[in-house]
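Note: the block below is data13.tsv and it holds TSV, C-alpha atoms.
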```tsv
chain	number	residue	atom	x	y	z
M	260	MET	CA	51.30	-104.01	-206.80
M	261	ALA	CA	49.62	-106.26	-204.24
M	262	ALA	CA	48.11	-109.66	-205.00
M	263	PHE	CA	44.51	-109.93	-206.14
M	264	GLU	CA	42.25	-110.23	-203.11
M	265	TYR	CA	38.70	-111.16	-202.30
M	266	ARG	CA	37.64	-107.54	-201.83
M	267	GLN	CA	39.02	-106.71	-205.29
M	268	ALA	CA	37.11	-109.61	-206.79
M	269	GLU	CA	34.02	-108.20	-205.07
M	270	ALA	CA	34.77	-104.78	-206.54
M	271	VAL	CA	34.99	-106.32	-210.02
M	272	ARG	CA	31.78	-108.27	-209.49
M	273	ASN	CA	29.90	-105.21	-208.24
M	274	ALA	CA	31.22	-102.73	-210.82
M	275	PHE	CA	30.61	-105.16	-213.67
M	276	ALA	CA	27.09	-105.89	-212.39
M	277	ARG	CA	26.28	-102.17	-212.16
M	278	ARG	CA	27.37	-101.69	-215.78
M	279	GLY	CA	25.83	-104.93	-217.02
M	280	VAL	CA	29.14	-106.40	-218.22
M	281	ARG	CA	28.86	-110.03	-219.37
M	282	TYR	CA	31.98	-111.95	-218.32
M	283	LEU	CA	33.17	-115.13	-216.68
M	284	PHE	CA	36.14	-115.93	-214.50
M	285	LEU	CA	38.36	-118.31	-216.45
M	286	GLY	CA	41.70	-120.06	-216.00
M	287	LYS	CA	43.19	-120.91	-212.67
M	288	SER	CA	41.47	-117.93	-211.04
M	289	GLY	CA	38.14	-119.45	-212.08
M	290	ALA	CA	39.16	-122.86	-210.76
M	291	ILE	CA	40.17	-121.28	-207.45
M	292	LEU	CA	36.71	-119.75	-207.13
M	293	LEU	CA	35.29	-123.24	-207.62
M	294	GLY	CA	37.46	-124.55	-204.77
M	295	PHE	CA	40.66	-125.64	-206.52
M	296	PRO	CA	43.56	-125.18	-204.09
M	297	ASP	CA	46.47	-123.77	-206.04
M	298	THR	CA	48.31	-120.52	-206.61
M	299	THR	CA	48.16	-117.98	-209.40
M	300	GLN	CA	49.11	-114.38	-210.03
M	301	ASP	CA	46.41	-112.97	-212.26
M	302	ALA	CA	42.68	-112.94	-212.62
M	303	ASP	CA	41.53	-114.00	-216.08
M	304	LEU	CA	38.19	-112.76	-217.34
M	305	PHE	CA	36.47	-114.18	-220.42
M	306	VAL	CA	34.44	-111.27	-221.76
M	307	GLN	CA	31.61	-111.35	-224.26
M	308	ARG	CA	32.65	-109.53	-227.42
M	309	SER	CA	30.15	-106.89	-228.47
M	310	ARG	CA	30.31	-103.11	-228.81
M	311	GLU	CA	27.79	-102.62	-226.02
M	312	ASN	CA	29.59	-104.98	-223.66
M	313	GLY	CA	32.93	-103.40	-224.56
M	314	ARG	CA	31.66	-99.94	-223.69
M	315	ALA	CA	30.22	-101.20	-220.40
M	316	LEU	CA	33.50	-102.96	-219.65
M	317	VAL	CA	35.58	-99.83	-220.22
M	318	ALA	CA	33.26	-97.80	-217.99
M	319	ALA	CA	33.49	-100.44	-215.24
M	320	LEU	CA	37.29	-100.64	-215.51
M	321	ARG	CA	37.61	-96.87	-215.21
M	322	GLU	CA	35.29	-96.94	-212.21
M	323	LEU	CA	37.61	-99.54	-210.64
M	324	GLY	CA	40.58	-97.25	-211.14
M	325	PHE	CA	42.18	-98.54	-214.35
M	326	ASP	CA	43.94	-95.68	-216.09
M	327	LEU	CA	43.00	-96.23	-219.72
M	328	THR	CA	43.92	-93.89	-222.55
M	329	ASP	CA	41.33	-93.35	-225.25
M	330	ASN	CA	43.29	-95.63	-227.59
M	331	GLN	CA	43.45	-98.40	-225.00
M	332	ALA	CA	39.73	-98.02	-224.29
M	333	ALA	CA	39.06	-98.32	-228.02
M	334	GLU	CA	41.08	-101.54	-228.22
M	335	ILE	CA	39.06	-103.02	-225.37
M	336	GLU	CA	35.76	-101.87	-226.84
M	337	GLN	CA	36.78	-103.40	-230.13
M	338	GLY	CA	37.31	-106.69	-228.30
M	339	LYS	CA	40.88	-107.57	-229.24
M	340	ASP	CA	41.37	-111.24	-228.49
M	341	PHE	CA	43.70	-110.75	-225.53
M	342	VAL	CA	44.26	-107.65	-223.38
M	343	GLN	CA	46.65	-107.44	-220.45
M	344	LEU	CA	45.94	-104.72	-217.91
M	345	LYS	CA	48.57	-103.67	-215.43
M	346	ASN	CA	47.51	-100.05	-215.18
M	347	GLY	CA	45.03	-100.30	-212.35
M	348	PRO	CA	44.72	-101.34	-208.71
M	349	PHE	CA	45.36	-104.99	-209.67
M	350	ASP	CA	46.30	-106.96	-212.76
M	351	LEU	CA	43.62	-108.33	-215.07
M	352	ASP	CA	43.76	-110.36	-218.26
M	353	LEU	CA	40.78	-109.79	-220.54
M	354	ILE	CA	40.24	-112.66	-222.93
M	355	PHE	CA	37.73	-112.30	-225.72
M	356	ALA	CA	38.68	-115.47	-227.58
M	357	PRO	CA	40.15	-118.11	-225.29
M	358	ASP	CA	41.68	-121.24	-226.72
M	359	GLY	CA	39.45	-124.29	-226.43
M	360	ILE	CA	36.09	-122.50	-226.06
M	361	GLU	CA	34.17	-121.82	-229.23
M	362	ARG	CA	31.62	-119.23	-228.19
M	363	PHE	CA	30.96	-117.07	-225.15
M	364	GLU	CA	27.25	-117.91	-225.21
M	365	GLU	CA	27.96	-121.61	-224.84
M	366	ALA	CA	30.28	-121.02	-221.90
M	367	TRP	CA	27.68	-118.67	-220.39
M	368	GLU	CA	25.04	-121.41	-220.58
M	369	ARG	CA	27.35	-123.77	-218.68
M	370	ARG	CA	28.53	-121.18	-216.13
M	371	LEU	CA	28.58	-121.68	-212.40
M	372	GLU	CA	27.99	-119.02	-209.76
M	373	VAL	CA	30.06	-118.79	-206.59
M	374	GLU	CA	29.01	-116.04	-204.18
M	375	GLY	CA	27.71	-114.06	-207.13
M	376	PHE	CA	30.90	-114.53	-209.19
M	377	PRO	CA	30.16	-115.93	-212.65
M	378	VAL	CA	32.67	-118.69	-213.36
M	379	CYS	CA	33.32	-120.89	-216.37
M	380	HIS	CA	32.37	-124.51	-215.87
M	381	ILE	CA	35.33	-126.64	-214.75
M	382	ASP	CA	35.10	-128.54	-218.07
M	383	ASP	CA	35.58	-125.27	-219.97
M	384	ILE	CA	38.49	-124.24	-217.74
M	385	ILE	CA	40.19	-127.56	-218.44
M	386	ALA	CA	39.39	-127.44	-222.16
M	387	SER	CA	40.91	-123.99	-222.36
M	388	LYS	CA	44.05	-124.97	-220.45
M	389	ALA	CA	44.47	-128.11	-222.57
M	390	ALA	CA	44.12	-126.14	-225.82
M	391	THR	CA	46.81	-123.59	-224.96
M	392	ASN	CA	49.46	-126.29	-225.04
M	393	ARG	CA	51.72	-124.21	-222.77
M	394	VAL	CA	54.23	-125.74	-220.41
M	395	LYS	CA	52.66	-124.20	-217.30
M	396	ASP	CA	49.16	-125.31	-218.27
M	397	ARG	CA	50.27	-128.83	-219.13
M	398	GLU	CA	51.81	-129.10	-215.67
M	399	ALA	CA	48.59	-127.97	-214.01
M	400	LEU	CA	46.25	-130.30	-215.94
M	401	PRO	CA	46.58	-133.60	-214.03
M	402	ARG	CA	45.72	-131.92	-210.73
M	403	LEU	CA	42.93	-129.90	-212.33
M	404	ARG	CA	41.44	-133.08	-213.80
M	405	ALA	CA	41.60	-134.77	-210.39
M	406	PHE	CA	39.85	-131.73	-208.93
M	407	ARG	CA	37.14	-131.98	-211.59
M	408	GLU	CA	36.48	-135.55	-210.48
M	409	TYR	CA	36.38	-134.47	-206.82
M	410	TRP	CA	34.09	-131.54	-207.64
M	411	ARG	CA	31.76	-133.73	-209.72
M	412	LEU	CA	31.43	-136.35	-206.99
M	413	LYS	CA	30.79	-133.64	-204.40
M	414	GLN	CA	28.05	-132.15	-206.58
M	415	GLU	CA	26.42	-135.57	-207.00
M	416	SER	CA	26.65	-136.26	-203.30
M	417	GLN	CA	25.08	-132.89	-202.40
M	418	ALA	CA	22.31	-133.38	-204.98
M	419	SER	CA	21.36	-136.75	-203.47
M	420	GLU	CA	21.17	-135.43	-199.89
O	69	MET	CA	34.07	-149.03	-203.24
O	70	ASN	CA	35.77	-145.78	-202.30
O	71	GLN	CA	34.38	-143.07	-204.59
O	72	TRP	CA	37.62	-141.08	-204.32
O	73	GLU	CA	39.94	-143.93	-205.32
O	74	GLY	CA	40.94	-142.31	-208.61
O	75	ILE	CA	42.26	-139.21	-206.86
O	76	PRO	CA	45.77	-139.24	-205.35
O	77	ARG	CA	45.51	-139.16	-201.57
O	78	ASP	CA	47.58	-136.00	-201.02
O	79	TRP	CA	45.53	-134.09	-203.60
O	80	LEU	CA	42.28	-135.34	-202.08
O	81	GLU	CA	43.39	-134.06	-198.67
O	82	GLU	CA	44.15	-130.67	-200.19
O	83	PHE	CA	40.77	-130.55	-201.97
O	84	GLU	CA	38.96	-131.44	-198.75
O	85	ALA	CA	40.89	-128.86	-196.75
O	86	ALA	CA	40.12	-126.17	-199.35
O	87	ALA	CA	36.43	-127.10	-199.31
O	88	ARG	CA	36.32	-126.35	-195.59
O	89	ARG	CA	37.75	-122.84	-196.04
O	90	PRO	CA	35.61	-119.81	-196.89
O	91	LEU	CA	36.22	-118.30	-200.32
O	92	GLU	CA	37.90	-115.20	-198.90
O	93	LEU	CA	40.54	-117.35	-197.18
O	94	ARG	CA	40.99	-119.58	-200.25
O	95	MET	CA	41.70	-116.48	-202.30
O	96	ARG	CA	44.19	-115.16	-199.76
O	97	TYR	CA	46.15	-118.41	-200.06
O	98	ALA	CA	45.80	-118.61	-203.83
O	99	PHE	CA	46.74	-115.24	-205.28
O	100	LEU	CA	50.42	-114.36	-205.11
O	101	ARG	CA	52.37	-111.49	-206.53
O	102	THR	CA	55.89	-111.88	-207.83
O	103	TYR	CA	57.63	-109.92	-210.54
O	104	LYS	CA	57.59	-111.62	-213.94
O	105	PRO	CA	60.30	-110.25	-216.19
O	106	VAL	CA	59.16	-108.68	-219.48
O	107	LEU	CA	55.53	-109.62	-218.84
O	108	ASP	CA	55.24	-107.09	-216.01
O	109	ASP	CA	57.22	-104.39	-217.76
O	110	ALA	CA	54.33	-102.78	-219.64
O	111	SER	CA	51.14	-101.43	-218.17
O	112	PHE	CA	48.97	-102.39	-221.14
O	113	ARG	CA	49.16	-104.83	-224.03
O	114	ALA	CA	46.48	-105.77	-226.54
O	115	PHE	CA	46.79	-108.54	-229.12
O	116	GLU	CA	44.63	-108.79	-232.20
O	117	THR	CA	44.44	-112.57	-231.91
O	118	THR	CA	45.15	-115.12	-229.21
O	119	ALA	CA	47.67	-116.67	-231.61
O	120	ASP	CA	49.51	-113.32	-231.71
O	121	TYR	CA	49.64	-113.32	-227.92
O	122	ARG	CA	50.98	-116.89	-227.79
O	123	ARG	CA	53.62	-116.01	-230.40
O	124	TRP	CA	54.66	-112.91	-228.47
O	125	CYS	CA	55.05	-115.00	-225.31
O	126	GLU	CA	57.19	-117.55	-227.17
O	127	GLU	CA	59.44	-114.91	-228.63
O	128	ASN	CA	59.78	-112.53	-225.70
O	129	LEU	CA	59.36	-114.25	-222.35
O	130	PRO	CA	62.02	-116.29	-220.55
O	131	SER	CA	61.25	-119.97	-221.08
O	132	TRP	CA	61.29	-120.68	-217.34
O	133	LEU	CA	58.09	-118.66	-216.92
O	134	GLY	CA	56.32	-121.53	-218.67
O	135	TYR	CA	54.38	-119.49	-221.24
O	136	GLY	CA	55.99	-121.28	-224.17
O	137	SER	CA	54.44	-124.17	-226.08
O	138	VAL	CA	55.10	-127.73	-225.04
```

Mind turning this structure into structure tokens?
Amino acid sequence: MAAFEYRQAEAVRNAFARRGVRYLFLGKSGAILLGFPDTTQDADLFVQRSRENGRALVAALRELGFDLTDNQAAEIEQGKDFVQLKNGPFDLDLIFAPDGIERFEEAWERRLEVEGFPVCHIDDIIASKAATNRVKDREALPRLRAFREYWRLKQESQASE
Amino acid sequence: MNQWEGIPRDWLEEFEAAARRPLELRMRYAFLRTYKPVLDDASFRAFETTADYRRWCEENLPSWLGYGSV
């Protein structure tokens, strides 16, 4: 399996848009879209939990080439909190209930768009990483927080120009 | 006053360099693929709750992968 690439992110964006899937890039993959220079292995998607969105998501995943059995599709449609997909052209983590973010709608209101990619706000990405309390996330937090400060100052500077 | 003074110099240089790169190039540098034992050994996993997923990681993944709790 090759690493996740820009053209695959575009394929996700386009397939999800065609099917009307409501989702946000989250985690380090989201931070990378915002400009954070770091490395990661997977793309994490925070997906709105609803039957309609679940059905649209399954249709989009199958269009992208994910080989889902009917049982697996049902688990996704149901919106299990965390789904790991390694049965397609690239790996995806689907997260319906991330740590540190209360509701999808709130994150959606705060979202940022980068070249048409919907991305969680950097504050939500950090809140989620902080809430997981995992070793790898704890190690990433100081640099992510420094990036948030850089990103915020850049935004202010661009707004005043 | 330098507005960047709270940010370590080496990190600031990396942030500035990344900001000059197009997204496609940033992604090429950012996404890597290496085999992760256990984690990569199933093509599909679904967890009822995020807590279940965290517990599974604690109990099944090698600690050096970093998925365990602090």

Practice problem: Using atom CA of Leu91 of chain O and atom CA of Leu293 of chain M as the two end points, give the distance in Å to one decimal. | Solution: 8.9 Å

Enumerate, in order of chain and increasing residue number, the residues of chain O with an atom no farther than 8 Å from chain M, each with its shortest atom pair and distance in Å to one decimal, counting all atoms listed in the file, as CSV.
```
residue,atom,partner,partner_atom,distance
O:Gln71,CA,M:Leu412,CA,7.7
O:Trp72,CA,M:Tyr409,CA,7.2
O:Gly74,CA,M:Ala405,CA,7.8
O:Ile75,CA,M:Ala405,CA,5.7
O:Pro76,CA,M:Ala405,CA,7.9
O:Trp79,CA,M:Arg402,CA,7.5
O:Leu80,CA,M:Tyr409,CA,7.6
O:Glu82,CA,M:Pro296,CA,6.8
O:Phe83,CA,M:Pro296,CA,6.4
O:Ala86,CA,M:Pro296,CA,5.9
O:Ala87,CA,M:Gly294,CA,6.1
O:Leu91,CA,M:Leu292,CA,7.0
O:Glu92,CA,M:Tyr265,CA,5.3
O:Arg94,CA,M:Pro296,CA,7.3
O:Met95,CA,M:Tyr265,CA,6.1
O:Arg96,CA,M:Glu264,CA,6.3
O:Tyr97,CA,M:Thr298,CA,7.2
O:Ala98,CA,M:Thr298,CA,4.2
O:Phe99,CA,M:Thr299,CA,5.1
O:Leu100,CA,M:Gln300,CA,5.1
O:Arg101,CA,M:Ala262,CA,4.9
O:Thr102,CA,M:Gln300,CA,7.6
O:Asp108,CA,M:Lys345,CA,7.5
O:Ala110,CA,M:Lys345,CA,7.2
O:Ser111,CA,M:Lys345,CA,4.4
O:Phe112,CA,M:Leu344,CA,5.0
O:Arg113,CA,M:Gln343,CA,5.1
O:Ala114,CA,M:Val342,CA,4.3
O:Phe115,CA,M:Phe341,CA,5.2
O:Glu116,CA,M:Lys339,CA,4.9
O:Thr117,CA,M:Asp340,CA,4.8
O:Thr118,CA,M:Asp340,CA,5.5
O:Tyr121,CA,M:Phe341,CA,6.9
O:Leu133,CA,M:Lys395,CA,7.8
O:Gly134,CA,M:Lys395,CA,4.7
O:Tyr135,CA,M:Arg393,CA,5.6
O:Gly136,CA,M:Arg393,CA,5.4
O:Ser137,CA,M:Arg393,CA,4.3
O:Val138,CA,M:Val394,CA,5.1
```

Quiz item: Mind pulling up the distance from atom CA of Arg407 of chain M to atom CA of Ala366 of chain M?
Solution: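 Answer for the atom CA of Ala366 of chain M to atom CA of Arg407 of chain M separation: 16.5 Å.
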
Practice problem: Pick out the closest residue to Leu351 of chain M from this set: M:His380, M:Glu420, M:Ala386, M:Phe325. Count all atoms listed in the file. | Solution: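 For Leu351 of chain M, the nearest of the candidates is M:Phe325.
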
Taking all atoms of segment 130-133 of chain O that the file lists and extending 6 Å past them on each side, where is the centre of the axis-aligned box and how long are its edges? Answer in Å to one decimal, as AutoDock Vina command-line options.
```
--center_x 60.1 --center_y -118.5 --center_z -219.0 --size_x 15.9 --size_y 16.4 --size_z 16.2
```

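Coordinates place atom CA of Arg369 of chain M at a distance of 13.4 Å from atom CA of Gly289 of chain M.
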
Quiz item: Which is closer to Tyr282 of chain M than all the others in M:Ser387, M:Ser419, M:Asn312, M:Asn330, using all atoms listed in the file?
Solution: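 Closest residue, counting all atoms listed in the file: M:Asn312.
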
Quiz prompt | Residue nearest Asp383 of chain M - candidates M:Glu311, M:Phe284, M:Ala418, M:Arg277, atoms counted: all atoms listed in the file | solution =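 Of M:Glu311, M:Phe284, M:Ala418, M:Arg277, the one nearest Asp383 of chain M is M:Phe284, counting all atoms listed in the file.
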
Practice problem: Kindly indicate which residue among M:Asp329, M:Cys379, M:Ser416, M:Ala315 lies nearest to Trp367 of chain M, using all atoms listed in the file for the distances. | Solution: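 Ranking M:Asp329, M:Cys379, M:Ser416, M:Ala315 by distance to Trp367 of chain M, first place goes to M:Cys379.
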